[in-house]
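Worksheet: the structure to be examined is printed underneath.
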Number of protein chains: 2
Amino acid sequence: MSETLKQLGEEELLTRISHYLPPGQIDDDTALIPSQKKDLLINTDVLVEGIHFDQKTTAPEDIGWRAVAANVSDLSASGVGKVIGLTIGLVTPPETEWQWIAEVYEGITNALKIYGGTILGGDCCNGKQKVISITAIGTLGRLRIHRSHAKNGDYLVVSGPHGLSRLGLSLLLNDPIIKNYNINKLLKKQAINSHKRPKPSIETIRKLEECKPDETPWRAAGADSSDGLIQAIKCICKSSKCSAVINKDSLPKPIFWPSGNMWDEWCINGGEDFELILSLPPLWAEAFTKVVPDSKIIGKITCGKSKVFWSDGSGEITSESMYTHF
Amino acid sequence: MSETLKQLGEEELLTRISHYLPPGQIDDDTALIPSQKKDLLINTDVLVEGIHFDQKTTAPEDIGWRAVAANVSDLSASGVGKVIGLTIGLVTPPETEWQWIAEVYEGITNALKIYGGTILGGDCCNGKQKVISITAIGTLGRLRIHRSHAKNGDYLVVSGPHGLSRLGLSLLLNDPIIKNYNINKLLKKQAINSHKRPKPSIETIRKLEECKPDETPWRAAGADSSDGLIQAIKCICKSSKCSAVINKDSLPKPIFWPSGNMWDEWCINGGEDFELILSLPPLWAEAFTKVVPDSKIIGKITCGKSKVFWSDGSGEITSESMYTHF
């Protein structure tokens, strides 16, 4: 059995954490970021036990992974070039076992192997409830993507399918709500993997930059779909002071996705898919779908007041967001 | 009476928080840091209710101030040039009043008026216990100060007096332990102010750079005394693989500081003074004390194994740190 943090004491805890940091990093509270001669992007995400993760469905290694993924996803939605690194603010009850911390750091380290960047230090402290606050920093690529830069006439594009993470959660919980569905095996595997190890893609931003038609200006709006597809579109609409219409026949459903209202709902409001939702000039949107195989044009931006409608006139789409944190 | 966060809802909460951010910042999760063409320093500090702050002794505005001060103090101890800004990860129970958040942000904003920099966004979430995780970022000045750069023969210098914050805490708590002492009025005021509004000085780093004698190399070790004076010296010794001797007659006591063991103990182990503890070549240390009026040479670095001794041979100094967080 692993020792608890209380048994270890702070000094031993820091020594053990230092194995996950670049050599010498633990000696100083601060970390150095060598001059990048570029603009930087910075983002903070807080994960709280019982809200963003749960012992039952999330192994500590997956928590570490997801904490990185959530941050990388936000950086991507702003146009990140490369990830420089991140700091970790960790709160844990004193009865937490060292093994839990070790596995969270393993998950973070493994995610950084994919995304690049290093752990730039952090702070840890005793508290009633587990909290992980990660601040990630990266360079900006060729284009700063803003939520507020959508324009009437833009096409709305998603970088990949939606609903997988929500299905993965129900599968992991043995949720009775799915027991009467015959779910394809491959879909099951993909869904659980999407929930446990979401993989936002920085590469997609490179492809977006490369496929821009010459006649199109460097202007793109975007958000990630961590809080759900419709929620992301609403955020873009609100910041850009516009509305959107979505084509029901173009919903970005995963392959083998069952039919029915619940499944449509999971696709548009399931959350935690960490895909990019972009608002692009039509030519650029079309070019994007040619270079990003899973991407799809799902609707367009219109004039109006921050609302999202079905294109067939069947009304406004509500985002019963499952990710309201208050 | 102020509304609770639960009554407000997440959207209204974000709208209200946006008033503390630079225009447009709330639209994107990420913030842009314009290219600095300089090395950067980054630091994360986590404050937890009941450990680092308490409703009884700390007003929310003071919590915000101290969160910034703790970070600036760490950046200073690494040789910060200027503060660029910070991100705020906030966890609060849903029954928290908006007024509490507003005052924390006021405190942060007021501290940034002194130290420079802006709020670069953040994240907020519901949780059982209040947690503030701040990540501050700044440029590096002329010299990176490392904990591990002390050398045998260096002088140990402190940038100011120690013990004030600890006395301030006892005064605020009406602690019976001080009731039989006749404490000078000015000292009382200074102590309460030091506890509520610690003011680490970036200016001291500029003076350190400017006073370096030509014949001395650009090498300095340092730490801040947020966890206590002896604890800071121990950290320097541990990282630099050396020991230290402290002169009992040179303790950096505040003016009007009473005599007695408890008072000496508060001076060396009281904590939260946010002064700089530097290990410098002797000539540089002497030059420093001439340009920083409150500074004092308190001892020197020797060969040995991470221990701190009294110079009169009366033994090792223990750091009964009150700031062990596990």
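Identifiers in this document derive from the order of the structure tokens: chains are assigned A, B, ..., residues are numbered from 1 separately in each chain, and ligands are numbered from 1 in order of occurrence.
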Same-sequence overlay, chain B on chain A, C-alpha least squares, as a CSV table (one decimal) with C-alpha atoms, in the first residue's frame:
chain,number,residue,atom,x,y,z
B,1,MET,CA,0.0,0.0,0.0
B,2,SER,CA,1.2,3.5,-0.8
B,3,GLU,CA,1.9,6.0,2.0
B,4,THR,CA,-0.4,8.9,2.6
B,5,LEU,CA,0.8,12.4,2.1
B,6,LYS,CA,0.5,13.0,5.8
B,7,GLN,CA,2.9,10.1,6.4
B,8,LEU,CA,5.3,11.3,3.8
B,9,GLY,CA,5.6,14.9,4.9
B,10,GLU,CA,6.0,17.9,2.7
B,11,GLU,CA,9.8,17.6,2.0
B,12,GLU,CA,9.6,14.0,0.9
B,13,LEU,CA,6.5,14.8,-1.2
B,14,LEU,CA,8.4,17.6,-3.0
B,15,THR,CA,11.4,15.3,-3.5
B,16,ARG,CA,9.1,12.7,-5.1
B,17,ILE,CA,7.3,15.2,-7.3
B,18,SER,CA,10.8,16.5,-8.5
B,19,HIS,CA,11.2,13.3,-10.4
B,20,TYR,CA,8.6,14.6,-12.8
B,21,LEU,CA,10.2,18.0,-13.3
B,22,PRO,CA,13.1,19.0,-15.5
B,23,PRO,CA,16.4,18.6,-13.5
B,24,GLY,CA,17.0,21.4,-11.0
B,25,GLN,CA,13.4,22.7,-11.3
B,26,ILE,CA,12.4,21.8,-7.8
B,27,ASP,CA,15.1,24.0,-6.3
B,28,ASP,CA,13.3,27.2,-7.3
B,29,ASP,CA,9.6,28.0,-6.9
B,30,THR,CA,9.6,29.8,-10.2
B,31,ALA,CA,10.5,28.4,-13.6
B,32,LEU,CA,12.2,30.0,-16.5
B,33,ILE,CA,10.7,30.2,-20.0
B,34,PRO,CA,13.4,31.0,-22.5
B,35,SER,CA,12.7,34.0,-24.7
B,36,GLN,CA,10.4,32.9,-27.6
B,37,LYS,CA,10.5,36.1,-29.6
B,38,LYS,CA,6.8,35.3,-30.2
B,39,ASP,CA,3.5,36.2,-28.8
B,40,LEU,CA,2.4,33.7,-26.1
B,41,LEU,CA,-1.0,32.3,-25.1
B,42,ILE,CA,-1.8,31.4,-21.5
B,43,ASN,CA,-4.8,29.5,-20.1
B,44,THR,CA,-5.9,28.2,-16.7
B,45,ASP,CA,-8.3,25.4,-16.1
B,46,VAL,CA,-9.5,24.1,-12.7
B,47,LEU,CA,-10.7,20.6,-12.2
B,48,VAL,CA,-12.5,19.7,-9.0
B,49,GLU,CA,-13.2,16.2,-7.7
B,50,GLY,CA,-16.9,15.3,-7.8
B,51,ILE,CA,-17.5,17.9,-10.6
B,52,HIS,CA,-14.9,17.3,-13.3
B,53,PHE,CA,-13.7,13.9,-12.2
B,54,ASP,CA,-14.8,11.0,-10.0
B,55,GLN,CA,-13.0,8.1,-8.5
B,56,LYS,CA,-15.5,5.7,-10.1
B,57,THR,CA,-15.0,6.7,-13.7
B,58,THR,CA,-11.6,8.4,-13.8
B,59,ALA,CA,-8.3,6.8,-12.9
B,60,PRO,CA,-5.7,9.3,-11.6
B,61,GLU,CA,-3.6,8.9,-14.7
B,62,ASP,CA,-6.7,9.8,-16.8
B,63,ILE,CA,-7.3,12.9,-14.6
B,64,GLY,CA,-3.7,14.1,-15.3
B,65,TRP,CA,-4.2,13.5,-19.0
B,66,ARG,CA,-7.5,15.2,-19.1
B,67,ALA,CA,-6.2,18.2,-17.2
B,68,VAL,CA,-3.6,18.7,-19.9
B,69,ALA,CA,-6.0,18.0,-22.7
B,70,ALA,CA,-8.5,20.6,-21.4
B,71,ASN,CA,-5.8,23.2,-21.4
B,72,VAL,CA,-4.4,22.2,-24.8
B,73,SER,CA,-7.9,22.3,-26.2
B,74,ASP,CA,-8.4,25.9,-25.1
B,75,LEU,CA,-5.0,26.9,-26.4
B,76,SER,CA,-5.8,25.3,-29.8
B,77,ALA,CA,-9.1,27.1,-30.0
B,78,SER,CA,-7.0,30.3,-29.8
B,79,GLY,CA,-4.5,29.2,-32.5
B,80,VAL,CA,-1.6,27.8,-30.5
B,81,GLY,CA,1.7,27.2,-32.3
B,82,LYS,CA,3.5,25.0,-29.8
B,83,VAL,CA,3.0,24.1,-26.1
B,84,ILE,CA,5.8,25.4,-23.9
B,85,GLY,CA,4.7,23.9,-20.7
B,86,LEU,CA,2.4,24.1,-17.7
B,87,THR,CA,2.3,24.7,-14.0
B,88,ILE,CA,0.3,22.5,-11.6
B,89,GLY,CA,-1.6,23.8,-8.5
B,90,LEU,CA,-2.7,20.7,-6.6
B,91,VAL,CA,-4.9,20.5,-3.5
B,92,THR,CA,-5.3,17.1,-1.8
B,93,PRO,CA,-6.6,15.8,1.5
B,94,PRO,CA,-3.7,14.6,3.7
B,95,GLU,CA,-5.0,11.0,3.7
B,96,THR,CA,-4.5,10.9,-0.1
B,97,GLU,CA,-2.0,8.2,-1.1
B,98,TRP,CA,1.2,9.2,-2.8
B,99,GLN,CA,0.3,6.7,-5.5
B,100,TRP,CA,-2.6,8.9,-6.5
B,101,ILE,CA,-0.3,11.9,-7.0
B,102,ALA,CA,2.2,9.8,-8.8
B,103,GLU,CA,-0.4,8.6,-11.3
B,104,VAL,CA,-1.8,12.1,-11.9
B,105,TYR,CA,1.8,13.2,-12.7
B,106,GLU,CA,2.2,10.2,-15.0
B,107,GLY,CA,-0.9,11.2,-16.9
B,108,ILE,CA,0.3,14.7,-17.2
B,109,THR,CA,3.8,13.6,-18.4
B,110,ASN,CA,2.3,11.2,-20.9
B,111,ALA,CA,0.1,13.9,-22.3
B,112,LEU,CA,3.0,16.2,-22.6
B,113,LYS,CA,4.9,13.6,-24.6
B,114,ILE,CA,2.1,14.0,-27.2
B,115,TYR,CA,1.7,17.8,-27.0
B,116,GLY,CA,5.2,18.9,-26.2
B,117,GLY,CA,6.2,21.1,-23.4
B,118,THR,CA,7.4,20.4,-19.8
B,119,ILE,CA,6.1,20.8,-16.3
B,120,LEU,CA,7.2,24.3,-15.2
B,121,GLY,CA,6.6,23.6,-11.5
B,122,GLY,CA,3.7,24.4,-9.3
B,123,ASP,CA,2.4,24.3,-5.7
B,124,CYS,CA,0.7,21.6,-3.6
B,125,CYS,CA,-1.3,22.0,-0.5
B,126,ASN,CA,-3.6,20.2,1.9
B,127,GLY,CA,-7.3,20.7,1.5
B,128,LYS,CA,-10.7,19.0,2.0
B,129,GLN,CA,-11.3,18.1,-1.7
B,130,LYS,CA,-9.0,17.3,-4.6
B,131,VAL,CA,-8.5,20.3,-6.9
B,132,ILE,CA,-6.1,20.5,-9.9
B,133,SER,CA,-5.5,23.9,-11.4
B,134,ILE,CA,-3.3,23.8,-14.5
B,135,THR,CA,-2.0,26.9,-16.3
B,136,ALA,CA,-0.6,26.1,-19.7
B,137,ILE,CA,1.4,28.4,-21.9
B,138,GLY,CA,2.3,28.2,-25.5
B,139,THR,CA,3.4,30.2,-28.5
B,140,LEU,CA,0.8,31.7,-30.9
B,141,GLY,CA,0.8,30.3,-34.4
B,142,ARG,CA,0.1,32.4,-37.5
B,143,LEU,CA,-3.4,33.5,-36.4
B,144,ARG,CA,-5.0,34.4,-33.2
B,145,ILE,CA,-8.4,32.8,-33.2
B,146,HIS,CA,-11.0,34.8,-31.2
B,147,ARG,CA,-14.5,33.8,-30.2
B,148,SER,CA,-15.6,37.3,-31.2
B,149,HIS,CA,-14.4,37.2,-34.8
B,150,ALA,CA,-17.3,35.4,-36.5
B,151,LYS,CA,-19.1,37.2,-39.2
B,152,ASN,CA,-22.5,36.9,-40.9
B,153,GLY,CA,-22.1,34.4,-43.8
B,154,ASP,CA,-19.3,32.4,-42.2
B,155,TYR,CA,-19.6,28.6,-42.3
B,156,LEU,CA,-19.5,26.7,-39.0
B,157,VAL,CA,-17.1,23.8,-39.1
B,158,VAL,CA,-16.4,21.2,-36.5
B,159,SER,CA,-13.0,19.3,-36.5
B,160,GLY,CA,-14.6,15.9,-35.5
B,161,PRO,CA,-17.5,13.9,-34.3
B,162,HIS,CA,-19.4,14.8,-31.1
B,163,GLY,CA,-21.1,12.7,-28.4
B,164,LEU,CA,-18.4,10.1,-27.9
B,165,SER,CA,-17.3,11.3,-24.5
B,166,ARG,CA,-20.8,11.4,-23.2
B,167,LEU,CA,-21.4,7.8,-24.4
B,168,GLY,CA,-18.1,6.8,-22.9
B,169,LEU,CA,-19.3,8.1,-19.5
B,170,SER,CA,-22.5,6.1,-19.6
B,171,LEU,CA,-20.6,3.0,-20.6
B,172,LEU,CA,-18.1,3.4,-17.8
B,173,LEU,CA,-21.0,4.0,-15.3
B,174,ASN,CA,-23.0,1.0,-16.7
B,175,ASP,CA,-25.8,3.5,-17.1
B,176,PRO,CA,-29.2,1.7,-17.5
B,177,ILE,CA,-30.2,4.4,-20.0
B,178,ILE,CA,-28.1,2.6,-22.7
B,179,LYS,CA,-28.9,-1.0,-21.9
B,180,ASN,CA,-31.6,-1.4,-24.5
B,181,TYR,CA,-29.4,-0.2,-27.4
B,182,ASN,CA,-27.3,-2.5,-29.5
B,183,ILE,CA,-24.1,-0.4,-29.6
B,184,ASN,CA,-21.4,-1.2,-32.1
B,185,LYS,CA,-18.2,-2.6,-30.5
B,186,LEU,CA,-15.9,-0.2,-32.2
B,187,LEU,CA,-18.1,2.7,-31.2
B,188,LYS,CA,-18.0,1.5,-27.6
B,189,LYS,CA,-14.2,1.3,-27.6
B,190,GLN,CA,-13.9,4.7,-29.3
B,191,ALA,CA,-16.3,6.3,-26.8
B,192,ILE,CA,-14.6,5.0,-23.7
B,193,ASN,CA,-11.2,6.1,-25.1
B,194,SER,CA,-12.6,9.6,-25.9
B,195,HIS,CA,-13.9,9.9,-22.4
B,196,LYS,CA,-10.8,8.7,-20.7
B,197,ARG,CA,-8.1,10.1,-23.0
B,198,PRO,CA,-9.5,13.0,-25.1
B,199,LYS,CA,-7.0,14.1,-27.7
B,200,PRO,CA,-7.5,17.7,-28.9
B,201,SER,CA,-5.4,18.2,-32.0
B,202,ILE,CA,-2.8,21.0,-32.3
B,203,GLU,CA,-2.1,19.6,-35.8
B,204,THR,CA,-5.6,20.7,-36.9
B,205,ILE,CA,-4.5,24.3,-36.3
B,206,ARG,CA,-1.5,23.8,-38.6
B,207,LYS,CA,-3.8,22.4,-41.3
B,208,LEU,CA,-6.2,25.3,-40.8
B,209,GLU,CA,-3.3,27.7,-41.4
B,210,GLU,CA,-2.0,25.8,-44.4
B,211,CYS,CA,-5.3,25.5,-46.2
B,212,LYS,CA,-6.3,29.1,-46.1
B,213,PRO,CA,-7.2,30.2,-49.7
B,214,ASP,CA,-5.1,33.2,-50.8
B,215,GLU,CA,-8.2,35.4,-51.4
B,216,THR,CA,-9.5,34.8,-47.9
B,217,PRO,CA,-8.4,37.2,-45.0
B,218,TRP,CA,-6.6,35.8,-41.9
B,219,ARG,CA,-9.8,35.9,-39.8
B,220,ALA,CA,-11.3,33.0,-37.9
B,221,ALA,CA,-13.5,32.6,-34.9
B,222,GLY,CA,-13.4,29.5,-32.8
B,223,ALA,CA,-14.0,27.8,-29.5
B,224,ASP,CA,-13.5,24.2,-28.3
B,225,SER,CA,-16.5,22.0,-27.5
B,226,SER,CA,-15.4,21.0,-24.0
B,227,ASP,CA,-18.8,22.4,-22.7
B,228,GLY,CA,-20.8,20.9,-25.5
B,229,LEU,CA,-21.2,21.7,-29.3
B,230,ILE,CA,-24.1,24.1,-29.0
B,231,GLN,CA,-22.6,25.8,-26.0
B,232,ALA,CA,-19.5,26.5,-28.0
B,233,ILE,CA,-21.5,27.9,-30.9
B,234,LYS,CA,-23.5,30.0,-28.4
B,235,CYS,CA,-20.2,31.4,-27.0
B,236,ILE,CA,-19.0,32.3,-30.5
B,237,CYS,CA,-22.4,33.9,-31.2
B,238,LYS,CA,-22.5,35.9,-28.0
B,239,SER,CA,-19.0,37.2,-28.3
B,240,SER,CA,-19.4,38.0,-32.0
B,241,LYS,CA,-22.9,39.4,-31.6
B,242,CYS,CA,-24.5,37.2,-34.2
B,243,SER,CA,-26.7,34.0,-34.4
B,244,ALA,CA,-26.2,30.7,-36.1
B,245,VAL,CA,-28.3,28.1,-38.0
B,246,ILE,CA,-27.4,24.4,-37.8
B,247,ASN,CA,-28.4,21.9,-40.4
B,248,LYS,CA,-30.1,18.9,-38.7
B,249,ASP,CA,-28.8,16.5,-41.4
B,250,SER,CA,-25.2,17.6,-40.9
B,251,LEU,CA,-24.9,16.9,-37.2
B,252,PRO,CA,-21.3,15.6,-36.6
B,253,LYS,CA,-22.4,12.2,-35.4
B,254,PRO,CA,-19.8,9.5,-34.8
B,255,ILE,CA,-19.8,6.4,-37.1
B,256,PHE,CA,-22.3,3.7,-36.0
B,257,TRP,CA,-24.1,6.4,-33.8
B,258,PRO,CA,-27.6,5.1,-33.0
B,259,SER,CA,-30.7,7.1,-34.0
B,260,GLY,CA,-33.1,8.8,-31.5
B,261,ASN,CA,-33.5,12.0,-29.6
B,262,MET,CA,-31.2,11.1,-26.7
B,263,TRP,CA,-28.4,10.4,-29.2
B,264,ASP,CA,-28.9,13.6,-31.0
B,265,GLU,CA,-28.9,15.4,-27.7
B,266,TRP,CA,-25.7,13.7,-26.7
B,267,CYS,CA,-24.2,14.8,-30.0
B,268,ILE,CA,-25.0,18.5,-29.6
B,269,ASN,CA,-24.9,18.8,-25.8
B,270,GLY,CA,-22.9,15.9,-24.5
B,271,GLY,CA,-19.8,17.9,-23.8
B,272,GLU,CA,-16.1,17.1,-23.3
B,273,ASP,CA,-15.4,16.2,-26.9
B,274,PHE,CA,-12.6,18.8,-27.1
B,275,GLU,CA,-13.1,19.3,-30.8
B,276,LEU,CA,-12.6,22.7,-32.5
B,277,ILE,CA,-15.7,24.7,-33.6
B,278,LEU,CA,-14.6,27.2,-36.2
B,279,SER,CA,-16.4,30.0,-37.9
B,280,LEU,CA,-14.7,30.6,-41.2
B,281,PRO,CA,-15.2,32.4,-44.5
B,282,PRO,CA,-17.0,29.7,-46.8
B,283,LEU,CA,-14.0,29.1,-49.1
B,284,TRP,CA,-11.7,28.5,-46.2
B,285,ALA,CA,-14.3,26.2,-44.5
B,286,GLU,CA,-14.5,24.1,-47.6
B,287,ALA,CA,-10.7,23.9,-47.9
B,288,PHE,CA,-10.5,22.9,-44.3
B,289,THR,CA,-12.9,19.9,-44.7
B,290,LYS,CA,-10.7,18.7,-47.5
B,291,VAL,CA,-7.5,18.5,-45.3
B,292,VAL,CA,-9.1,17.4,-42.0
B,293,PRO,CA,-10.9,14.1,-42.8
B,294,ASP,CA,-13.2,14.1,-39.7
B,295,SER,CA,-14.3,17.7,-40.1
B,296,LYS,CA,-17.7,18.8,-41.3
B,297,ILE,CA,-19.6,21.9,-42.1
B,298,ILE,CA,-22.7,21.9,-39.9
B,299,GLY,CA,-24.3,25.3,-40.4
B,300,LYS,CA,-23.6,29.0,-40.8
B,301,ILE,CA,-23.5,32.3,-39.0
B,302,THR,CA,-26.4,34.8,-39.5
B,303,CYS,CA,-27.4,38.2,-38.2
B,304,GLY,CA,-29.2,38.1,-34.8
B,305,LYS,CA,-28.9,38.0,-31.1
B,306,SER,CA,-26.7,35.1,-29.9
B,307,LYS,CA,-29.2,32.4,-30.7
B,308,VAL,CA,-28.7,29.1,-32.4
B,309,PHE,CA,-31.5,27.8,-34.6
B,310,TRP,CA,-32.3,24.7,-36.7
B,311,SER,CA,-32.0,25.5,-40.4
B,312,ASP,CA,-35.4,23.8,-41.2
B,313,GLY,CA,-37.3,26.4,-39.2
B,314,SER,CA,-38.1,24.0,-36.3
B,315,GLY,CA,-36.9,26.6,-33.7
B,316,GLU,CA,-34.1,27.5,-31.4
B,317,ILE,CA,-31.7,24.9,-30.1
B,318,THR,CA,-31.2,25.0,-26.4
B,319,SER,CA,-28.0,24.0,-24.7
B,320,GLU,CA,-29.0,22.2,-21.6
B,321,SER,CA,-25.4,22.4,-20.7
B,322,MET,CA,-24.3,19.7,-18.3
B,323,TYR,CA,-21.3,21.8,-17.6
B,324,THR,CA,-22.6,24.7,-15.6
B,325,HIS,CA,-20.3,24.8,-12.7
B,326,PHE,CA,-22.3,26.8,-10.3
| task | Looking only at strand (DSSP E) from DSSP on the backbone, list the matching residues of range 155-267 of chain A as an MDAnalysis selection string. | result | chainID A and resid 155:158 221:224 243:246
Keeping N, CA and C atoms for every residue in the selection just given, could you write it to a file as a PDB file, in the first residue's frame?
ATOM      1  N   TYR A 155     -19.201  29.998 -42.503  1.00  0.00           N
ATOM      2  CA  TYR A 155     -19.637  28.616 -42.288  1.00  0.00           C
ATOM      3  C   TYR A 155     -19.144  28.152 -40.914  1.00  0.00           C
ATOM      4  N   LEU A 156     -19.953  27.332 -40.262  1.00  0.00           N
ATOM      5  CA  LEU A 156     -19.533  26.721 -38.996  1.00  0.00           C
ATOM      6  C   LEU A 156     -18.991  25.321 -39.283  1.00  0.00           C
ATOM      7  N   VAL A 157     -17.772  25.076 -38.851  1.00  0.00           N
ATOM      8  CA  VAL A 157     -17.113  23.791 -39.110  1.00  0.00           C
ATOM      9  C   VAL A 157     -16.709  23.161 -37.786  1.00  0.00           C
ATOM     10  N   VAL A 158     -16.865  21.855 -37.686  1.00  0.00           N
ATOM     11  CA  VAL A 158     -16.350  21.151 -36.505  1.00  0.00           C
ATOM     12  C   VAL A 158     -15.201  20.256 -36.952  1.00  0.00           C
ATOM     13  N   ALA A 221     -13.019  32.670 -36.247  1.00  0.00           N
ATOM     14  CA  ALA A 221     -13.511  32.614 -34.869  1.00  0.00           C
ATOM     15  C   ALA A 221     -13.529  31.150 -34.453  1.00  0.00           C
ATOM     16  N   GLY A 222     -13.416  30.906 -33.166  1.00  0.00           N
ATOM     17  CA  GLY A 222     -13.435  29.514 -32.732  1.00  0.00           C
ATOM     18  C   GLY A 222     -13.581  29.352 -31.241  1.00  0.00           C
ATOM     19  N   ALA A 223     -13.978  28.163 -30.879  1.00  0.00           N
ATOM     20  CA  ALA A 223     -14.054  27.764 -29.469  1.00  0.00           C
ATOM     21  C   ALA A 223     -13.867  26.255 -29.451  1.00  0.00           C
ATOM     22  N   ASP A 224     -13.525  25.707 -28.311  1.00  0.00           N
ATOM     23  CA  ASP A 224     -13.498  24.244 -28.241  1.00  0.00           C
ATOM     24  C   ASP A 224     -14.835  23.772 -27.678  1.00  0.00           C
ATOM     25  N   SER A 243     -25.999  35.299 -34.691  1.00  0.00           N
ATOM     26  CA  SER A 243     -26.692  34.037 -34.430  1.00  0.00           C
ATOM     27  C   SER A 243     -26.122  32.951 -35.340  1.00  0.00           C
ATOM     28  N   ALA A 244     -26.697  31.740 -35.242  1.00  0.00           N
ATOM     29  CA  ALA A 244     -26.233  30.650 -36.097  1.00  0.00           C
ATOM     30  C   ALA A 244     -27.401  29.751 -36.450  1.00  0.00           C
ATOM     31  N   VAL A 245     -27.333  29.145 -37.626  1.00  0.00           N
ATOM     32  CA  VAL A 245     -28.294  28.093 -37.965  1.00  0.00           C
ATOM     33  C   VAL A 245     -27.524  26.803 -38.211  1.00  0.00           C
ATOM     34  N   ILE A 246     -28.092  25.718 -37.689  1.00  0.00           N
ATOM     35  CA  ILE A 246     -27.441  24.411 -37.786  1.00  0.00           C
ATOM     36  C   ILE A 246     -28.329  23.498 -38.630  1.00  0.00           C
TER      37      ILE A 246
END
| message | DSSP on the backbone: which residues in range 171-312 of chain A end up as alpha helix (DSSP H)? Give the answer as a ChimeraX atom specification. | response | /A:171-172,185-196,203-210,229-240,261-269,282-291
